[in-house]
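Asker: Sharing a structure here in structure tokens format.
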Amino acid sequence: MIETKGYAAQAPAAELAPWTFERREVGPHDVQFDILFCGVCHSDLHQIRDEWFPGIFPMVPGHEIVGRVIKVGDHVKKFKVGDLAGTGCMVDSCQECENCKKDLEQYCLEGSTQTYNGLERDGKTPTYGGYSNTIVVREEFVLHISEKLNLAAVAPLLCAGITTYSPLRHWKVGKGHKLAVLGLGGLGHMGVKFGVAFGAEVTVLSTSPKKEADAMKLGAHHFVVTTDEAQVKAAKVTFDFILDTVSAEHDFNMYLSLLRTDGTLICVGVPPKPAEIAAFSLLGGRKSIGGSGIGGIAETQEMLDFCAEHDIVSDIEIIDIKDIQTAYDRMQKGDVRYRFVIDLATL
């Protein structure tokens with residue numbers, strides 16, 4: 001076994017603290033890479049607090065992981081020692097169901113193996129995430145990272161990036177479309193960058209007037225303050241798509257009213273309570289609500305390659321791992337532009 005250093009929550013709602021644990025030895029199909037940077041996702045906080053489902057503790061969060069390969073198994077063909085590598089929200093799947101065969105491992109019918117707070121395919125060994133110094137992952141779930149980009153700023157692409165890239169590609173959002181991005185946070189700022197890169201006319205919808213300057217710097221064409229009744233009224237029946245990145249409670253019916261006929265509201269945020277949606281909000285314009293998780297491995301690699309070609313990365317603030325609790329507190333207050341990334345050299 002490989003002795004590994006990390007930060008873990010020992011019980012629900014416990015503060016993260018140093019913890020030493022073991023990872024498996026590198027098997028014939030495995031890649032081991034030392035973690036250089038790991039993004040901090042809002043879902044990390046939800047899961048260590050047991051807010052979504054009962055967690056597996058001790059819990060080492062982190063699923064936006066980048067680093068450099070230090071060892072490969074005998075049958076590994078796509079990676080060699082010294083390569084940059086990354087891993088996102090999943091580290092395995094059944095590889096055999098119809099979804100896996102369509103490169104949709106995130107929707108594996110037997111359940112994909114989550115990078116942390118999950119169980120390996122044996123059904124009993126816990127997975128531990130990227131708030132640690134090294135990781136061992138099956139080759140098929142390791143991603144190539146370009147040397148062209150700022151490695152720390154690449155890390156959030158493994159979750160925030162693919163979570164917004166995948167639905168925009170699935171719904172073929174691009175030139176001729178009016179796209180609204182609801183919420184300008186870790187997910188939303190990537191939605192703006194991709195929407196603009198794909199050629200859409202992008203509007204940011206936000207409760208915070210203070211974010212307008214940032215939205216424009218990111219490339220947005222318009223900005224609507226959703227607490228301003230006049231601005232909301234002017235935006236009625238305007239958008240082909242709304243990419244909803246908000247994880248707080250909000251009025252879906254109001255946002256559905258901003259869609260054109262046949263428009264779609266795409267949910268990628270995860271509010272704590274189910275939304276109340278009036279049938280007339282959908283009937284009046286043949287509107288739709290869709291949802292999207294992350295992306296499959298092939299699509300995630302496609303996204304990383306697109307980002308390397310178009311020089312797209314996340315806007316980040318690098319932190320020491322000892323400051324993770326402060327980062328969580330600031331993240332809850334929206335005080336981050338737009339993703340914290342842990343420098344694992346500080347572990």
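In the structure tokens, the first chain shown is A, the next is B, and so on; residue numbers restart at 1 for each chain, and ligands run from 1 in the order shown.
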So which residues touch Val268 (chain A) within 8 Å, counting only C-alpha atoms, skipping near sequence neighbours fewer than 3 positions away, as a ChimeraX atom specification?
Answerer: /A:163-164,243-246,291-293
Asker: List every residue of region 117-202 of chain A that DSSP, applied to the backbone of this structure, assigns to helix (DSSP H, G or I), and report them as a PyMOL selection string.
Answerer: chain A and resi 139-141+151-158+160-170+186-197
Asker: Take the residues from that selection and write them out as a PDB file, in the first residue's frame, keeping C-alpha atoms.
Answerer:
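Resulting contents of result_29.pdb:
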ATOM      1  CA  GLU A 139      -5.811   4.611 -16.808  1.00  0.00           C
ATOM      2  CA  GLU A 140      -9.174   5.065 -18.555  1.00  0.00           C
ATOM      3  CA  PHE A 141     -10.150   7.743 -16.019  1.00  0.00           C
ATOM      4  CA  LEU A 151      -1.818  24.120 -14.264  1.00  0.00           C
ATOM      5  CA  ALA A 152      -3.462  25.521 -11.120  1.00  0.00           C
ATOM      6  CA  ALA A 153      -6.140  27.227 -13.221  1.00  0.00           C
ATOM      7  CA  VAL A 154      -6.774  24.001 -15.150  1.00  0.00           C
ATOM      8  CA  ALA A 155      -7.808  22.112 -11.994  1.00  0.00           C
ATOM      9  CA  PRO A 156     -11.385  23.516 -11.773  1.00  0.00           C
ATOM     10  CA  LEU A 157     -11.983  22.549 -15.395  1.00  0.00           C
ATOM     11  CA  LEU A 158     -12.247  18.956 -14.154  1.00  0.00           C
ATOM     12  CA  ALA A 160     -16.746  23.375 -13.015  1.00  0.00           C
ATOM     13  CA  GLY A 161     -15.475  23.308 -16.578  1.00  0.00           C
ATOM     14  CA  ILE A 162     -16.987  20.051 -17.775  1.00  0.00           C
ATOM     15  CA  THR A 163     -20.232  20.653 -15.845  1.00  0.00           C
ATOM     16  CA  THR A 164     -20.888  23.702 -18.023  1.00  0.00           C
ATOM     17  CA  TYR A 165     -19.194  22.547 -21.238  1.00  0.00           C
ATOM     18  CA  SER A 166     -21.165  19.300 -21.491  1.00  0.00           C
ATOM     19  CA  PRO A 167     -24.727  20.729 -21.495  1.00  0.00           C
ATOM     20  CA  LEU A 168     -23.794  23.557 -23.863  1.00  0.00           C
ATOM     21  CA  ARG A 169     -22.433  20.969 -26.289  1.00  0.00           C
ATOM     22  CA  HIS A 170     -25.375  18.595 -25.775  1.00  0.00           C
ATOM     23  CA  GLY A 186     -17.468  28.832  -9.989  1.00  0.00           C
ATOM     24  CA  LEU A 187     -19.803  27.223 -12.514  1.00  0.00           C
ATOM     25  CA  GLY A 188     -21.295  30.393 -13.953  1.00  0.00           C
ATOM     26  CA  HIS A 189     -18.025  32.057 -14.883  1.00  0.00           C
ATOM     27  CA  MET A 190     -17.061  28.977 -16.900  1.00  0.00           C
ATOM     28  CA  GLY A 191     -20.506  28.954 -18.534  1.00  0.00           C
ATOM     29  CA  VAL A 192     -19.886  32.508 -19.707  1.00  0.00           C
ATOM     30  CA  LYS A 193     -16.454  31.666 -21.098  1.00  0.00           C
ATOM     31  CA  PHE A 194     -17.702  28.620 -22.998  1.00  0.00           C
ATOM     32  CA  GLY A 195     -20.882  30.308 -24.214  1.00  0.00           C
ATOM     33  CA  VAL A 196     -18.870  33.174 -25.681  1.00  0.00           C
ATOM     34  CA  ALA A 197     -16.296  30.792 -27.178  1.00  0.00           C
TER      35      ALA A 197
END
Asker: Identify, with DSSP run on backbone atoms, the residues in region 24-82 of chain A assigned to strand (DSSP E or B), and express the list as a PyMOL selection string.
Answerer: chain A and resi 30-39+59+65-72
Asker: As a VMD selection string, please: the residues near region 280-290 of chain A (cut-off 9 Å, only C-alpha atoms, same-chain neighbours under 2 positions excluded).
Answerer: chain A and resid 252 to 254 256 to 257 259 to 268 277 to 278 292
Asker: Keeping only N, CA and C atoms, take the residues you just selected and write them out as an mmCIF file, in the first residue's frame.
Answerer:
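Writing done, so here's out.cif:
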data_model
loop_
_atom_site.group_PDB
_atom_site.id
_atom_site.type_symbol
_atom_site.label_atom_id
_atom_site.label_comp_id
_atom_site.auth_asym_id
_atom_site.auth_seq_id
_atom_site.Cartn_x
_atom_site.Cartn_y
_atom_site.Cartn_z
ATOM 1 N N PHE A 252 -37.949 29.122 -10.084
ATOM 2 C CA PHE A 252 -37.817 28.614 -11.445
ATOM 3 C C PHE A 252 -38.852 29.232 -12.384
ATOM 4 N N ASN A 253 -40.035 29.506 -11.873
ATOM 5 C CA ASN A 253 -41.105 30.029 -12.723
ATOM 6 C C ASN A 253 -40.739 31.394 -13.292
ATOM 7 N N MET A 254 -40.109 32.230 -12.484
ATOM 8 C CA MET A 254 -39.710 33.537 -12.986
ATOM 9 C C MET A 254 -38.693 33.399 -14.115
ATOM 10 N N LEU A 256 -38.241 30.772 -16.070
ATOM 11 C CA LEU A 256 -38.883 30.184 -17.249
ATOM 12 C C LEU A 256 -39.589 31.254 -18.080
ATOM 13 N N SER A 257 -40.062 32.305 -17.433
ATOM 14 C CA SER A 257 -40.742 33.384 -18.157
ATOM 15 C C SER A 257 -39.781 34.174 -19.049
ATOM 16 N N LEU A 259 -37.645 32.727 -21.058
ATOM 17 C CA LEU A 259 -37.340 31.914 -22.231
ATOM 18 C C LEU A 259 -38.276 32.223 -23.399
ATOM 19 N N ARG A 260 -37.728 32.113 -24.594
ATOM 20 C CA ARG A 260 -38.527 32.190 -25.802
ATOM 21 C C ARG A 260 -39.347 30.908 -25.957
ATOM 22 N N THR A 261 -40.227 30.895 -26.913
ATOM 23 C CA THR A 261 -40.937 29.672 -27.274
ATOM 24 C C THR A 261 -39.917 28.586 -27.616
ATOM 25 N N ASP A 262 -40.158 27.393 -27.083
ATOM 26 C CA ASP A 262 -39.277 26.237 -27.261
ATOM 27 C C ASP A 262 -37.933 26.404 -26.544
ATOM 28 N N GLY A 263 -37.857 27.371 -25.634
ATOM 29 C CA GLY A 263 -36.623 27.560 -24.880
ATOM 30 C C GLY A 263 -36.424 26.493 -23.820
ATOM 31 N N THR A 264 -35.175 26.362 -23.370
ATOM 32 C CA THR A 264 -34.822 25.328 -22.386
ATOM 33 C C THR A 264 -34.033 25.927 -21.235
ATOM 34 N N LEU A 265 -34.452 25.608 -20.016
ATOM 35 C CA LEU A 265 -33.694 25.943 -18.812
ATOM 36 C C LEU A 265 -32.905 24.701 -18.426
ATOM 37 N N ILE A 266 -31.592 24.838 -18.385
ATOM 38 C CA ILE A 266 -30.707 23.697 -18.137
ATOM 39 C C ILE A 266 -30.167 23.796 -16.714
ATOM 40 N N CYS A 267 -30.507 22.831 -15.872
ATOM 41 C CA CYS A 267 -30.087 22.845 -14.469
ATOM 42 C C CYS A 267 -28.753 22.121 -14.293
ATOM 43 N N VAL A 268 -27.771 22.842 -13.769
ATOM 44 C CA VAL A 268 -26.515 22.211 -13.372
ATOM 45 C C VAL A 268 -26.198 22.489 -11.905
ATOM 46 N N ILE A 277 -42.677 24.072 -9.636
ATOM 47 C CA ILE A 277 -42.800 24.557 -11.010
ATOM 48 C C ILE A 277 -44.258 24.449 -11.452
ATOM 49 N N ALA A 278 -44.833 25.588 -11.817
ATOM 50 C CA ALA A 278 -46.215 25.603 -12.281
ATOM 51 C C ALA A 278 -46.286 25.078 -13.708
ATOM 52 N N SER A 292 -28.184 18.290 -16.343
ATOM 53 C CA SER A 292 -26.952 17.685 -16.846
ATOM 54 C C SER A 292 -25.978 17.514 -15.702
#
Asker: How close does region 195-251 of chain A get to region 323-347 of chain A? List, as a Markdown table, each residue of region 195-251 of chain A within 12 Å, its nearest atom pair and the distance in Å to one decimal, counting only C-alpha atoms.
Answerer:
| residue | atom | partner | partner_atom | distance |
| --- | --- | --- | --- | --- |
| A:Thr207 | CA | A:Gly334 | CA | 11.7 |
| A:Ser208 | CA | A:Gly334 | CA | 10.4 |
| A:Lys210 | CA | A:Gly334 | CA | 11.8 |
| A:Lys211 | CA | A:Arg337 | CA | 10.0 |
| A:Asp214 | CA | A:Arg337 | CA | 9.0 |
| A:Ala215 | CA | A:Arg337 | CA | 11.1 |
| A:Leu218 | CA | A:Tyr338 | CA | 11.2 |
| A:Val246 | CA | A:Gly334 | CA | 11.7 |
| A:Ser247 | CA | A:Gln332 | CA | 10.9 |
| A:Ala248 | CA | A:Gln332 | CA | 10.6 |
Asker: Do a neighbour search on Thr4 (chain A) at 12 Å with only C-alpha atoms, toss out local chain neighbours closer than 5 positions, and write the hits as a ChimeraX atom specification.
Answerer: /A:18-25,32-35,60,128-136,347
Asker: Only N, CA, C and O atoms, please: the residues just picked out, written as a compact mmCIF listing (two decimals), in the first residue's frame.
Answerer:
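Generated output (again-v1.txt):
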# COMPACT_ATOMS: atom_id res chain seq x y z
N PRO A 18 -5.21 17.35 9.14
CA PRO A 18 -4.27 16.39 8.55
C PRO A 18 -4.63 14.96 8.92
O PRO A 18 -5.03 14.67 10.05
N TRP A 19 -4.46 14.07 7.94
CA TRP A 19 -4.76 12.65 8.14
C TRP A 19 -3.91 11.83 7.20
O TRP A 19 -3.78 12.18 6.02
N THR A 20 -3.34 10.75 7.69
CA THR A 20 -2.54 9.85 6.87
C THR A 20 -3.36 8.59 6.60
O THR A 20 -3.97 8.02 7.52
N PHE A 21 -3.37 8.16 5.36
CA PHE A 21 -4.14 6.97 4.98
C PHE A 21 -3.39 6.20 3.90
O PHE A 21 -2.29 6.60 3.49
N GLU A 22 -3.96 5.10 3.43
CA GLU A 22 -3.28 4.27 2.44
C GLU A 22 -4.07 4.20 1.14
O GLU A 22 -5.30 4.09 1.15
N ARG A 23 -3.35 4.30 0.04
CA ARG A 23 -3.92 4.02 -1.28
C ARG A 23 -3.36 2.69 -1.78
O ARG A 23 -2.30 2.24 -1.32
N ARG A 24 -4.06 2.11 -2.76
CA ARG A 24 -3.60 0.83 -3.29
C ARG A 24 -2.30 0.99 -4.07
O ARG A 24 -1.99 2.07 -4.57
N GLU A 25 -1.56 -0.10 -4.15
CA GLU A 25 -0.38 -0.11 -5.01
C GLU A 25 -0.81 0.03 -6.46
O GLU A 25 -1.94 -0.28 -6.83
N GLN A 32 -0.28 6.38 -11.30
CA GLN A 32 -0.12 7.15 -10.07
C GLN A 32 0.46 8.51 -10.41
O GLN A 32 1.44 8.61 -11.15
N PHE A 33 -0.18 9.57 -9.92
CA PHE A 33 0.43 10.88 -10.10
C PHE A 33 0.40 11.67 -8.80
O PHE A 33 -0.53 11.55 -8.01
N ASP A 34 1.47 12.41 -8.59
CA ASP A 34 1.54 13.29 -7.43
C ASP A 34 0.68 14.51 -7.71
O ASP A 34 0.76 15.12 -8.78
N ILE A 35 -0.14 14.87 -6.74
CA ILE A 35 -1.09 15.97 -6.91
C ILE A 35 -0.38 17.30 -6.64
O ILE A 35 0.21 17.49 -5.58
N VAL A 60 -11.89 12.45 2.59
CA VAL A 60 -10.90 13.33 1.97
C VAL A 60 -11.53 13.91 0.71
O VAL A 60 -11.69 13.20 -0.28
N TYR A 128 -10.82 8.18 -1.79
CA TYR A 128 -10.36 9.40 -1.16
C TYR A 128 -9.87 10.37 -2.23
O TYR A 128 -9.19 9.97 -3.18
N GLY A 129 -10.20 11.64 -2.06
CA GLY A 129 -10.00 12.61 -3.12
C GLY A 129 -8.68 13.36 -3.11
O GLY A 129 -7.67 12.91 -2.56
N GLY A 130 -8.73 14.54 -3.72
CA GLY A 130 -7.53 15.27 -4.09
C GLY A 130 -6.94 16.21 -3.07
O GLY A 130 -5.93 16.85 -3.34
N TYR A 131 -7.54 16.31 -1.88
CA TYR A 131 -6.89 17.08 -0.82
C TYR A 131 -5.80 16.19 -0.22
O TYR A 131 -5.78 15.87 0.96
N SER A 132 -4.88 15.77 -1.06
CA SER A 132 -3.86 14.79 -0.66
C SER A 132 -2.66 14.92 -1.59
O SER A 132 -2.70 15.66 -2.58
N ASN A 133 -1.60 14.20 -1.29
CA ASN A 133 -0.36 14.40 -2.04
C ASN A 133 -0.18 13.49 -3.24
O ASN A 133 0.63 13.78 -4.12
N THR A 134 -0.93 12.39 -3.32
CA THR A 134 -0.78 11.49 -4.46
C THR A 134 -2.07 10.69 -4.64
O THR A 134 -2.89 10.58 -3.70
N ILE A 135 -2.27 10.14 -5.85
CA ILE A 135 -3.48 9.38 -6.13
C ILE A 135 -3.17 8.30 -7.16
O ILE A 135 -2.27 8.47 -8.01
N VAL A 136 -3.90 7.19 -7.08
CA VAL A 136 -3.78 6.08 -8.03
C VAL A 136 -5.13 5.90 -8.71
O VAL A 136 -6.15 5.71 -8.04
N LEU A 347 0.96 21.03 1.77
CA LEU A 347 0.46 19.96 2.63
C LEU A 347 1.54 19.52 3.63
O LEU A 347 2.66 19.24 3.22
Asker: Pick from A:Ile318, A:Ala220, A:Ala235, A:Val91: nearest to Thr115 (chain A), with only C-alpha atoms counted?
Answerer: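 Checking each of A:Ile318, A:Ala220, A:Ala235, A:Val91 against Thr115 (chain A), counting only C-alpha atoms, the winner is A:Val91.
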Asker: Can you list, as a ChimeraX atom specification, every protein, DNA or RNA residue that comes within 6 Å of Thr203 (chain A) when you count only C-alpha atoms, leaving out same-chain residues fewer than 2 positions away?
Answerer: /A:180,220-223
Asker: Using only all heavy atoms, please write the residues we just selected to a file, as a PDB file, in the first residue's frame.
Answerer:
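Below you can see part-v7.pdb, which holds the result:
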ATOM      1  N   ALA A 180     -28.502  32.746 -21.564  1.00  0.00           N
ATOM      2  CA  ALA A 180     -28.373  33.412 -20.269  1.00  0.00           C
ATOM      3  C   ALA A 180     -27.682  32.453 -19.307  1.00  0.00           C
ATOM      4  O   ALA A 180     -28.012  31.266 -19.256  1.00  0.00           O
ATOM      5  CB  ALA A 180     -29.732  33.821 -19.724  1.00  0.00           C
ATOM      6  N   ALA A 220     -19.149  38.435 -21.327  1.00  0.00           N
ATOM      7  CA  ALA A 220     -20.606  38.530 -21.464  1.00  0.00           C
ATOM      8  C   ALA A 220     -20.978  39.797 -22.236  1.00  0.00           C
ATOM      9  O   ALA A 220     -20.305  40.823 -22.148  1.00  0.00           O
ATOM     10  CB  ALA A 220     -21.266  38.541 -20.091  1.00  0.00           C
ATOM     11  N   HIS A 221     -22.082  39.697 -22.982  1.00  0.00           N
ATOM     12  CA  HIS A 221     -22.546  40.822 -23.779  1.00  0.00           C
ATOM     13  C   HIS A 221     -23.554  41.692 -23.032  1.00  0.00           C
ATOM     14  O   HIS A 221     -23.676  42.884 -23.311  1.00  0.00           O
ATOM     15  CB  HIS A 221     -23.183  40.299 -25.077  1.00  0.00           C
ATOM     16  CG  HIS A 221     -22.269  39.423 -25.874  1.00  0.00           C
ATOM     17  ND1 HIS A 221     -22.322  38.045 -25.811  1.00  0.00           N
ATOM     18  CD2 HIS A 221     -21.261  39.731 -26.725  1.00  0.00           C
ATOM     19  CE1 HIS A 221     -21.398  37.537 -26.615  1.00  0.00           C
ATOM     20  NE2 HIS A 221     -20.739  38.535 -27.179  1.00  0.00           N
ATOM     21  N   HIS A 222     -24.281  41.089 -22.083  1.00  0.00           N
ATOM     22  CA  HIS A 222     -25.328  41.808 -21.359  1.00  0.00           C
ATOM     23  C   HIS A 222     -25.350  41.333 -19.916  1.00  0.00           C
ATOM     24  O   HIS A 222     -24.834  40.260 -19.583  1.00  0.00           O
ATOM     25  CB  HIS A 222     -26.706  41.580 -22.001  1.00  0.00           C
ATOM     26  CG  HIS A 222     -26.729  41.775 -23.479  1.00  0.00           C
ATOM     27  ND1 HIS A 222     -26.684  43.015 -24.081  1.00  0.00           N
ATOM     28  CD2 HIS A 222     -26.789  40.869 -24.490  1.00  0.00           C
ATOM     29  CE1 HIS A 222     -26.730  42.870 -25.386  1.00  0.00           C
ATOM     30  NE2 HIS A 222     -26.783  41.578 -25.661  1.00  0.00           N
ATOM     31  N   PHE A 223     -26.012  42.112 -19.054  1.00  0.00           N
ATOM     32  CA  PHE A 223     -26.116  41.782 -17.636  1.00  0.00           C
ATOM     33  C   PHE A 223     -27.490  42.214 -17.146  1.00  0.00           C
ATOM     34  O   PHE A 223     -27.937  43.333 -17.422  1.00  0.00           O
ATOM     35  CB  PHE A 223     -25.024  42.518 -16.843  1.00  0.00           C
ATOM     36  CG  PHE A 223     -24.896  42.094 -15.415  1.00  0.00           C
ATOM     37  CD1 PHE A 223     -24.099  41.025 -15.049  1.00  0.00           C
ATOM     38  CD2 PHE A 223     -25.570  42.780 -14.405  1.00  0.00           C
ATOM     39  CE1 PHE A 223     -23.956  40.640 -13.717  1.00  0.00           C
ATOM     40  CE2 PHE A 223     -25.440  42.407 -13.080  1.00  0.00           C
ATOM     41  CZ  PHE A 223     -24.634  41.335 -12.737  1.00  0.00           C
TER      42      PHE A 223
END
Asker: Using only C-alpha atoms, pick whichever of A:Met90, A:Leu16, A:Ala85, A:Ile70 has the shortest atom-to-atom distance to Pro58 (chain A).
Answerer: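 Checking each of A:Met90, A:Leu16, A:Ala85, A:Ile70 against Pro58 (chain A), counting only C-alpha atoms, the winner is A:Leu16.
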Asker: Excluding Val69 (chain A) and its own-chain neighbours fewer than 2 positions away, which residues fall within 8 Å of it when counting only C-alpha atoms? Please give them as a list in words.
Answerer: Val31, Gln32, Phe33, Asp34, Gly67, Lys71, Val72, Phe79, Lys80, Val81, Gly82, Asp83, Leu84 and Ala85 of chain A
Asker: Restricting the calculation to only C-alpha atoms, which member of A:Ser314, A:Ser43, A:Thr87, A:Ser206 is positioned closest to Ile145 (chain A)?
Answerer: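 Counting only C-alpha atoms, the residue closest to Ile145 (chain A) is A:Thr87.
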Asker: Grab the CA of Val225 (chain A) to CA of Gly174 (chain A) distance for me, in Å with one decimal place.
Answerer: 23.7 Å
